file data24.cif (mmCIF, C-alpha atoms)
data_model
loop_
_atom_site.label_atom_id
_atom_site.label_comp_id
_atom_site.auth_asym_id
_atom_site.auth_seq_id
_atom_site.Cartn_x
_atom_site.Cartn_y
_atom_site.Cartn_z
CA MET V 210 0.00 0.00 0.00
CA ARG V 211 1.34 3.42 -1.01
CA VAL V 212 -0.18 6.89 -1.21
CA LEU V 213 1.60 9.68 -3.10
CA ALA V 214 0.93 13.43 -2.91
CA PHE V 215 2.55 16.59 -4.23
CA LEU V 216 2.99 19.91 -2.43
CA ASP V 217 -0.18 21.43 -3.89
CA GLY V 218 -2.11 18.72 -2.04
CA SER V 219 -2.97 16.70 -5.14
CA LEU V 220 -2.83 12.92 -5.04
CA ALA V 221 -1.13 10.88 -7.76
CA ASP V 222 -0.92 7.25 -8.76
CA PRO V 223 2.19 5.81 -7.03
CA GLU V 224 2.40 3.14 -9.74
CA ALA V 225 2.78 5.72 -12.51
CA ALA V 226 6.01 7.48 -13.53
CA HIS V 227 6.51 10.93 -11.98
CA ILE V 228 10.29 11.38 -11.64
CA ARG V 229 12.33 12.14 -14.75
CA VAL V 230 15.36 9.97 -15.38
CA ASP V 231 17.56 13.09 -15.37
CA ASP V 232 16.40 14.22 -11.91
CA LEU V 233 19.51 15.05 -9.90
CA GLY V 234 18.17 13.19 -6.90
CA LEU V 235 18.40 10.04 -9.01
CA LEU V 236 21.55 10.85 -10.98
CA ARG V 237 23.66 12.21 -8.12
CA GLY V 238 21.81 11.68 -4.88
CA ASP V 239 21.43 15.46 -4.76
CA GLY V 240 18.51 15.84 -2.40
CA VAL V 241 17.25 15.36 1.13
CA PHE V 242 14.44 13.49 2.84
CA GLU V 243 12.70 12.81 6.13
CA THR V 244 10.79 9.78 7.40
CA ILE V 245 8.00 10.42 9.89
CA LEU V 246 6.07 7.88 11.93
CA VAL V 247 2.31 8.29 11.69
CA ALA V 248 0.08 6.67 14.34
CA ALA V 249 -3.71 7.04 14.42
CA LYS V 250 -3.44 9.53 11.54
CA GLN V 251 -1.15 11.77 13.61
CA PRO V 252 2.42 12.42 12.39
CA ARG V 253 4.92 12.37 15.24
CA GLU V 254 7.37 15.25 15.62
CA MET V 255 6.20 16.84 12.36
CA ARG V 256 7.71 20.26 13.04
CA PRO V 257 11.14 18.93 14.12
CA HIS V 258 11.20 16.79 10.97
CA LEU V 259 10.33 19.77 8.79
CA ASP V 260 12.96 21.90 10.52
CA ARG V 261 15.54 19.16 9.94
CA LEU V 262 14.50 18.91 6.28
CA ALA V 263 15.09 22.65 5.92
CA ARG V 264 18.44 22.37 7.72
CA SER V 265 19.58 19.54 5.45
CA ALA V 266 18.43 21.47 2.38
CA ALA V 267 20.44 24.49 3.50
CA MET V 268 23.54 22.34 3.94
CA LEU V 269 23.14 21.18 0.31
CA GLU V 270 22.44 24.78 -0.77
CA LEU V 271 19.05 23.75 -2.14
CA PRO V 272 16.29 26.36 -2.41
CA ALA V 273 14.48 26.73 0.90
CA PRO V 274 11.76 24.04 0.91
CA ASP V 275 8.08 24.97 0.99
CA LEU V 276 7.35 23.60 4.45
CA ASP V 277 3.67 24.58 4.28
CA GLY V 278 3.49 22.66 1.01
CA PHE V 279 5.04 19.58 2.62
CA GLU V 280 2.48 19.79 5.42
CA ARG V 281 -0.27 20.04 2.80
CA ALA V 282 1.09 16.98 0.99
CA ALA V 283 1.31 15.09 4.28
CA ARG V 284 -2.32 15.87 5.09
CA ALA V 285 -3.35 14.64 1.65
CA VAL V 286 -1.50 11.35 2.17
CA LEU V 287 -3.00 10.81 5.60
CA GLY V 288 -6.47 11.71 4.40
CA ALA V 289 -6.27 9.09 1.65
CA TRP V 290 -4.68 6.33 3.74
CA PRO V 291 -7.23 3.68 4.77
CA GLY V 292 -7.39 2.83 8.46
CA ASP V 293 -5.49 4.41 11.33
CA GLY V 294 -2.61 1.97 11.82
CA GLU V 295 1.02 3.06 11.89
CA ILE V 296 2.63 4.05 8.60
CA ALA V 297 5.88 5.66 7.45
CA LEU V 298 5.50 9.07 5.81
CA LYS V 299 8.45 10.09 3.62
CA LEU V 300 9.09 13.67 2.54
CA VAL V 301 11.48 13.89 -0.43
CA TYR V 302 13.11 17.02 -1.84
CA THR V 303 15.70 17.01 -4.66
CA ARG V 304 17.43 19.63 -6.78
CA GLY V 305 15.23 18.66 -9.71
CA VAL V 306 15.99 18.09 -13.36
CA ASP V 307 19.58 18.46 -14.56
CA GLY V 308 19.95 21.67 -16.57
CA ASP V 309 16.51 23.05 -15.73
CA PRO V 310 16.94 26.83 -16.24
CA ASP V 311 14.26 27.54 -13.63
CA GLY V 312 15.92 25.30 -11.04
CA THR V 313 12.59 23.81 -9.98
CA PRO V 314 13.07 21.25 -7.17
CA THR V 315 11.28 17.91 -7.10
CA ALA V 316 9.17 17.49 -3.97
CA PHE V 317 6.61 14.98 -2.79
CA ALA V 318 5.29 13.00 0.17
CA ILE V 319 4.57 9.30 0.13
CA GLY V 320 2.96 7.04 2.71
CA LEU V 321 4.31 3.50 3.04
CA GLU V 322 3.55 0.44 5.10
CA ILE V 323 6.09 -0.39 7.81
CA ASP V 324 8.24 -3.43 7.09
CA GLU V 325 7.37 -6.47 9.20
CA LYS V 326 11.02 -6.94 10.21
CA VAL V 327 11.01 -3.46 11.77
CA LEU V 328 7.93 -4.35 13.81
CA ARG V 329 9.56 -7.59 14.97
CA ALA V 330 12.76 -5.76 15.94
CA ARG V 331 10.78 -3.41 18.18
CA VAL V 332 9.80 -6.46 20.24
CA ASP V 333 12.76 -8.81 19.88
CA GLY V 334 15.63 -6.34 19.69
CA VAL V 335 18.57 -6.60 17.28
CA SER V 336 22.17 -7.68 17.13
CA ALA V 337 24.60 -5.03 15.87
CA VAL V 338 28.21 -4.68 14.83
CA THR V 339 30.45 -1.63 15.01
CA LEU V 340 31.89 -0.41 11.70
CA GLU V 341 34.28 2.48 11.16
CA ARG V 342 32.74 5.39 9.26
CA GLY V 343 36.12 6.72 8.16
CA PHE V 344 36.28 10.17 9.73
CA GLY V 345 37.18 11.74 13.05
CA PRO V 346 34.72 13.50 15.37
CA GLU V 347 36.16 16.91 14.52
CA LEU V 348 35.72 16.62 10.74
CA ALA V 349 32.14 17.93 10.51
CA GLU V 350 33.15 21.41 11.66
CA ARG V 351 36.38 21.43 9.66
CA ALA V 352 34.88 20.22 6.36
CA PRO V 353 31.21 21.26 6.06
CA TRP V 354 31.22 20.41 2.33
CA LEU V 355 31.20 16.71 3.28
CA LEU V 356 27.60 17.22 4.48
CA LEU V 357 28.10 15.19 7.63
CA GLY V 358 24.87 15.45 9.59
CA ALA V 359 22.69 16.18 6.54
CA LYS V 360 19.90 13.69 5.78
CA SER V 361 20.58 13.38 2.08
CA VAL V 362 19.06 10.82 -0.27
CA SER V 363 22.57 9.49 -0.90
CA TYR V 364 22.32 6.45 1.37
CA ALA V 365 24.53 4.01 -0.54
CA VAL V 366 27.14 3.82 2.25
CA ASN V 367 24.46 3.26 4.89
CA MET V 368 22.90 0.43 2.93
CA ALA V 369 26.31 -1.11 2.23
CA ALA V 370 26.99 -1.08 5.98
CA LEU V 371 23.76 -2.96 6.66
CA ARG V 372 24.69 -5.56 4.06
CA GLU V 373 28.08 -5.95 5.76
CA ALA V 374 26.31 -6.43 9.09
CA ALA V 375 24.20 -9.19 7.54
CA ARG V 376 27.36 -10.88 6.24
CA ARG V 377 28.64 -10.86 9.83
CA GLY V 378 25.41 -12.38 11.12
CA ALA V 379 24.01 -9.16 12.60
CA GLN V 380 20.97 -7.03 11.85
CA ASP V 381 22.24 -3.49 12.36
CA VAL V 382 25.29 -1.26 12.63
CA ILE V 383 26.72 1.30 15.02
CA PHE V 384 29.18 3.53 13.18
CA THR V 385 32.36 4.63 14.91
CA ALA V 386 34.79 7.47 14.21
CA THR V 387 38.48 6.93 13.52
CA ASP V 388 39.23 7.54 17.22
CA GLY V 389 36.79 4.80 18.22
CA SER V 390 34.04 7.11 19.45
CA VAL V 391 30.43 6.23 18.77
CA LEU V 392 28.61 8.04 15.97
CA GLU V 393 25.16 6.71 14.97
CA GLY V 394 23.43 3.87 13.16
CA PRO V 395 22.82 3.93 9.38
CA THR V 396 19.19 4.86 10.08
CA SER V 397 19.12 5.56 13.81
CA THR V 398 20.49 7.43 16.81
CA VAL V 399 22.44 5.54 19.49
CA VAL V 400 21.24 5.81 23.10
CA LEU V 401 22.97 4.33 26.15
CA ALA V 402 21.23 3.72 29.49
CA LYS V 403 23.26 3.56 32.71
CA ASP V 404 22.46 4.48 36.32
CA ARG V 405 19.09 6.05 35.44
CA THR V 406 20.80 8.30 32.89
CA LEU V 407 20.41 8.27 29.12
CA TYR V 408 23.36 9.28 26.95
CA THR V 409 23.64 10.07 23.24
CA PRO V 410 26.55 11.50 21.19
CA PRO V 411 26.44 15.19 20.20
CA SER V 412 25.38 16.08 16.67
CA THR V 413 28.44 18.34 16.34
CA ILE V 414 30.60 15.28 15.60
CA GLY V 415 28.91 14.85 12.21
CA ILE V 416 25.75 12.88 12.93
CA LEU V 417 22.08 13.58 12.37
CA PRO V 418 20.21 15.22 15.26
CA GLY V 419 17.67 12.57 16.26
CA THR V 420 14.01 13.59 16.43
CA THR V 421 12.95 10.32 18.09
CA GLN V 422 15.91 10.45 20.45
CA TYR V 423 14.87 13.96 21.45
CA ALA V 424 11.30 12.82 22.10
CA LEU V 425 12.59 9.87 24.12
CA PHE V 426 14.78 12.15 26.23
CA ARG V 427 11.86 14.50 26.76
CA GLY V 428 9.66 11.65 27.97
CA ALA V 429 12.42 10.03 30.04
CA GLU V 430 13.09 13.28 31.92
CA LYS V 431 9.41 13.43 32.85
CA ALA V 432 9.72 9.85 34.10
CA GLY V 433 12.62 10.76 36.39
CA TRP V 434 15.63 9.98 34.21
CA THR V 435 18.65 12.23 33.71
CA VAL V 436 19.67 12.83 30.09
CA LYS V 437 23.08 13.80 28.75
CA VAL V 438 24.51 14.58 25.32
CA GLU V 439 28.20 13.71 25.35
CA PRO V 440 30.77 11.59 23.52
CA LEU V 441 30.55 7.82 23.93
CA SER V 442 32.97 4.99 23.26
CA VAL V 443 32.23 1.38 22.32
CA ALA V 444 33.55 0.43 25.76
CA ASP V 445 30.85 2.66 27.28
CA LEU V 446 28.22 0.72 25.36
CA LEU V 447 29.59 -2.61 26.55
CA ARG V 448 29.64 -1.41 30.18
CA GLY V 449 26.15 0.08 30.12
CA GLU V 450 22.82 -1.35 31.24
CA GLY V 451 21.15 -1.00 27.86
CA VAL V 452 21.93 0.11 24.31
CA PHE V 453 19.11 1.33 22.09
CA LEU V 454 18.65 2.52 18.52
CA ALA V 455 16.08 5.27 18.13
CA SER V 456 14.42 6.32 14.89
CA SER V 457 11.01 7.38 13.71
CA VAL V 458 9.82 4.05 12.36
CA ARG V 459 11.71 1.69 14.66
CA LYS V 460 10.84 3.85 17.70
CA VAL V 461 13.15 2.64 20.52
CA THR V 462 14.75 -0.71 19.65
CA ARG V 463 17.09 -2.48 22.05
CA VAL V 464 20.44 -3.93 21.03
CA HIS V 465 20.87 -7.33 22.67
CA THR V 466 24.23 -8.26 21.11
CA LEU V 467 27.12 -6.02 20.04
CA ASP V 468 30.08 -7.34 18.06
CA GLY V 469 29.20 -10.85 19.18
CA THR V 470 29.04 -9.92 22.88
CA VAL V 471 25.69 -10.51 24.54
CA LEU V 472 24.75 -7.33 26.40
CA PRO V 473 22.99 -7.25 29.79
CA ASP V 474 19.30 -8.05 29.51
CA SER V 475 17.63 -4.68 28.93
CA THR V 476 14.11 -5.99 28.33
CA ALA V 477 12.67 -4.27 31.41
CA LEU V 478 14.55 -1.05 30.67
CA HIS V 479 13.29 -1.14 27.12
CA GLY V 480 9.71 -1.46 28.34
CA GLU V 481 10.15 1.52 30.64
CA LEU V 482 11.78 3.71 28.00
CA ALA V 483 9.28 2.70 25.30
CA ALA V 484 6.47 3.69 27.68
CA ALA V 485 8.15 7.04 28.39
CA TYR V 486 8.43 7.68 24.67
CA GLU V 487 4.82 6.70 23.98
CA ALA V 488 3.61 8.92 26.81
CA GLU V 489 4.71 11.91 24.74
CA TYR V 490 1.85 11.15 22.31
#
call {"tool": "encode", "arguments": {"input": "data24.cif", "output": "structure tokens"}}
result
Amino acid sequence: MRVLAFLDGSLADPEAAHIRVDDLGLLRGDGVFETILVAAKQPREMRPHLDRLARSAAMLELPAPDLDGFERAARAVLGAWPGDGEIALKLVYTRGVDGDPDGTPTAFAIGLEIDEKVLRARVDGVSAVTLERGFGPELAERAPWLLLGAKSVSYAVNMAALREAARRGAQDVIFTATDGSVLEGPTSTVVLAKDRTLYTPPSTIGILPGTTQYALFRGAEKAGWTVKVEPLSVADLLRGEGVFLASSVRKVTRVHTLDGTVLPDSTALHGELAAAYEAEY
């Protein structure tokens, strides 16, 4: 099931062709996107996602996106989606057709069903491996042209990392910097739980600011947790009481095994943190 809408609010057939083969999002990965969880017809963290879309677009020097138009497209998708179960809402924004003298971006919203394996991982947790991302934690500020921390449509490296994890018998990845510090997952933010405190690495090291992680921290603080944004090492993860991957569609997913090491049972912690996150909605 898929529902497609454009920024004027019009619906379109998702089975028909709408993107030109010379669109720069296709040819060069020159574009940005956001994925938003929708539950009971309500998009979660819509404004933070739109703000992050605009931030990513600015990093790529794209024209400022029509955020009202994206909201209009989102409403059209949700209005046409049958039922009120959870879905993934993707907002996509590319530079448009190569050589277009008007420089008109390509923009749309599409609603998609959530993959069954994601739903299973929410319950069962995942095994993960650490893989080096190939840059140090200081590079984002020194080399902004590398677009570290932008949510671009160029996800080839992320998908390659997940395939490497599968070859190693794992389901997910935690990227590390060249100094061994923890970055993020290919599609998630890393969260560590220890001594009633939640930790996550700072976005200044070249990772995406997590909207779901922020919502989790907000809910956890209300539930009596302390939250901190500070650098983490793999050793920190191994010594913690629970490691979690947070993202819009996966919500808060626990990591039960890291690099072949079985982590402490965080089932109860996961239940508590998942409840704190859900309480925000």
call {"tool": "resolve_selection", "arguments": {"input": "data24.cif", "expression": "the PyMOL selection byres ((chain V and resi 218-227) around 8)", "output": "short mmCIF file (atom, residue, chain, number, x, y, z; two decimals) with C-alpha atoms, keeping the file's coordinate frame"}}
result
data_model
loop_
_atom_site.label_atom_id
_atom_site.label_comp_id
_atom_site.auth_asym_id
_atom_site.auth_seq_id
_atom_site.Cartn_x
_atom_site.Cartn_y
_atom_site.Cartn_z
CA ARG V 211 1.34 3.42 -1.01
CA VAL V 212 -0.18 6.89 -1.21
CA LEU V 213 1.60 9.68 -3.10
CA ALA V 214 0.93 13.43 -2.91
CA PHE V 215 2.55 16.59 -4.23
CA LEU V 216 2.99 19.91 -2.43
CA ASP V 217 -0.18 21.43 -3.89
CA ILE V 228 10.29 11.38 -11.64
CA ARG V 229 12.33 12.14 -14.75
CA GLY V 278 3.49 22.66 1.01
CA ARG V 281 -0.27 20.04 2.80
CA ALA V 282 1.09 16.98 0.99
CA ARG V 284 -2.32 15.87 5.09
CA ALA V 285 -3.35 14.64 1.65
CA VAL V 286 -1.50 11.35 2.17
#
call {"tool": "residues_near_point", "arguments": {"input": "data24.cif", "point": "(19.0, 24.2, 1.9)", "cutoff": "12 Å", "atoms": "only C-alpha atoms", "output": "ChimeraX atom specification"}}
result
/V:239-242,259-276,302-304,314,356,359-361
call {"tool": "residues_near_point", "arguments": {"input": "data24.cif", "point": "(18.3, 16.1, -12.8)", "cutoff": "7 Å", "atoms": "only C-alpha atoms", "output": "list in words"}}
result
Asp231, Asp232, Leu233, Gly234, Leu236, Gly305, Val306, Asp307 and Gly308 of chain V
call {"tool": "atom_distance", "arguments": {"input": "data24.cif", "atom1": "atom CA of V:Val247", "atom2": "atom CA of V:Pro395"}}
result
21.1 Å
call {"tool": "closest_atom_pairs", "arguments": {"input": "data24.cif", "of": "stretch 218-328 of chain V", "to": "stretch 334-341 of chain V", "cutoff": "12 Å", "atoms": "only C-alpha atoms", "output": "CSV"}}
result
residue,atom,partner,partner_atom,distance
V:Lys326,CA,V:Val335,CA,10.3
V:Val327,CA,V:Gly334,CA,9.6
V:Leu328,CA,V:Gly334,CA,9.9
call {"tool": "atom_distance", "arguments": {"input": "data24.cif", "atom1": "atom CA of V:Ala444", "atom2": "atom CA of V:Leu425"}}
result
23.0 Å
call {"tool": "resolve_selection", "arguments": {"input": "data24.cif", "expression": "the PyMOL selection byres ((chain V and resi 474) around 10)", "output": "MDAnalysis selection string"}}
result
chainID V and resid 450:451 463:466 471:473 475:479
call {"tool": "atom_distance", "arguments": {"input": "data24.cif", "atom1": "atom CA of V:Ser412", "atom2": "atom CA of V:Pro252"}}
result
23.6 Å
call {"tool": "decode", "arguments": {"input": "data24.cif", "residues": "stretch 245-267 of chain V", "atoms": "C-alpha atoms", "output": "PDB file, in the first residue's frame"}}
result
ATOM      1  CA  ILE V 245       7.999  10.420   9.886  1.00  0.00           C
ATOM      2  CA  LEU V 246       6.068   7.877  11.926  1.00  0.00           C
ATOM      3  CA  VAL V 247       2.308   8.293  11.695  1.00  0.00           C
ATOM      4  CA  ALA V 248       0.081   6.671  14.337  1.00  0.00           C
ATOM      5  CA  ALA V 249      -3.709   7.036  14.417  1.00  0.00           C
ATOM      6  CA  LYS V 250      -3.436   9.532  11.536  1.00  0.00           C
ATOM      7  CA  GLN V 251      -1.146  11.767  13.610  1.00  0.00           C
ATOM      8  CA  PRO V 252       2.420  12.423  12.390  1.00  0.00           C
ATOM      9  CA  ARG V 253       4.917  12.368  15.242  1.00  0.00           C
ATOM     10  CA  GLU V 254       7.372  15.255  15.615  1.00  0.00           C
ATOM     11  CA  MET V 255       6.200  16.835  12.364  1.00  0.00           C
ATOM     12  CA  ARG V 256       7.705  20.260  13.037  1.00  0.00           C
ATOM     13  CA  PRO V 257      11.139  18.926  14.124  1.00  0.00           C
ATOM     14  CA  HIS V 258      11.205  16.786  10.972  1.00  0.00           C
ATOM     15  CA  LEU V 259      10.328  19.772   8.786  1.00  0.00           C
ATOM     16  CA  ASP V 260      12.960  21.896  10.519  1.00  0.00           C
ATOM     17  CA  ARG V 261      15.538  19.160   9.945  1.00  0.00           C
ATOM     18  CA  LEU V 262      14.498  18.911   6.284  1.00  0.00           C
ATOM     19  CA  ALA V 263      15.091  22.653   5.922  1.00  0.00           C
ATOM     20  CA  ARG V 264      18.438  22.366   7.723  1.00  0.00           C
ATOM     21  CA  SER V 265      19.582  19.541   5.450  1.00  0.00           C
ATOM     22  CA  ALA V 266      18.431  21.468   2.378  1.00  0.00           C
ATOM     23  CA  ALA V 267      20.437  24.494   3.498  1.00  0.00           C
TER      24      ALA V 267
END
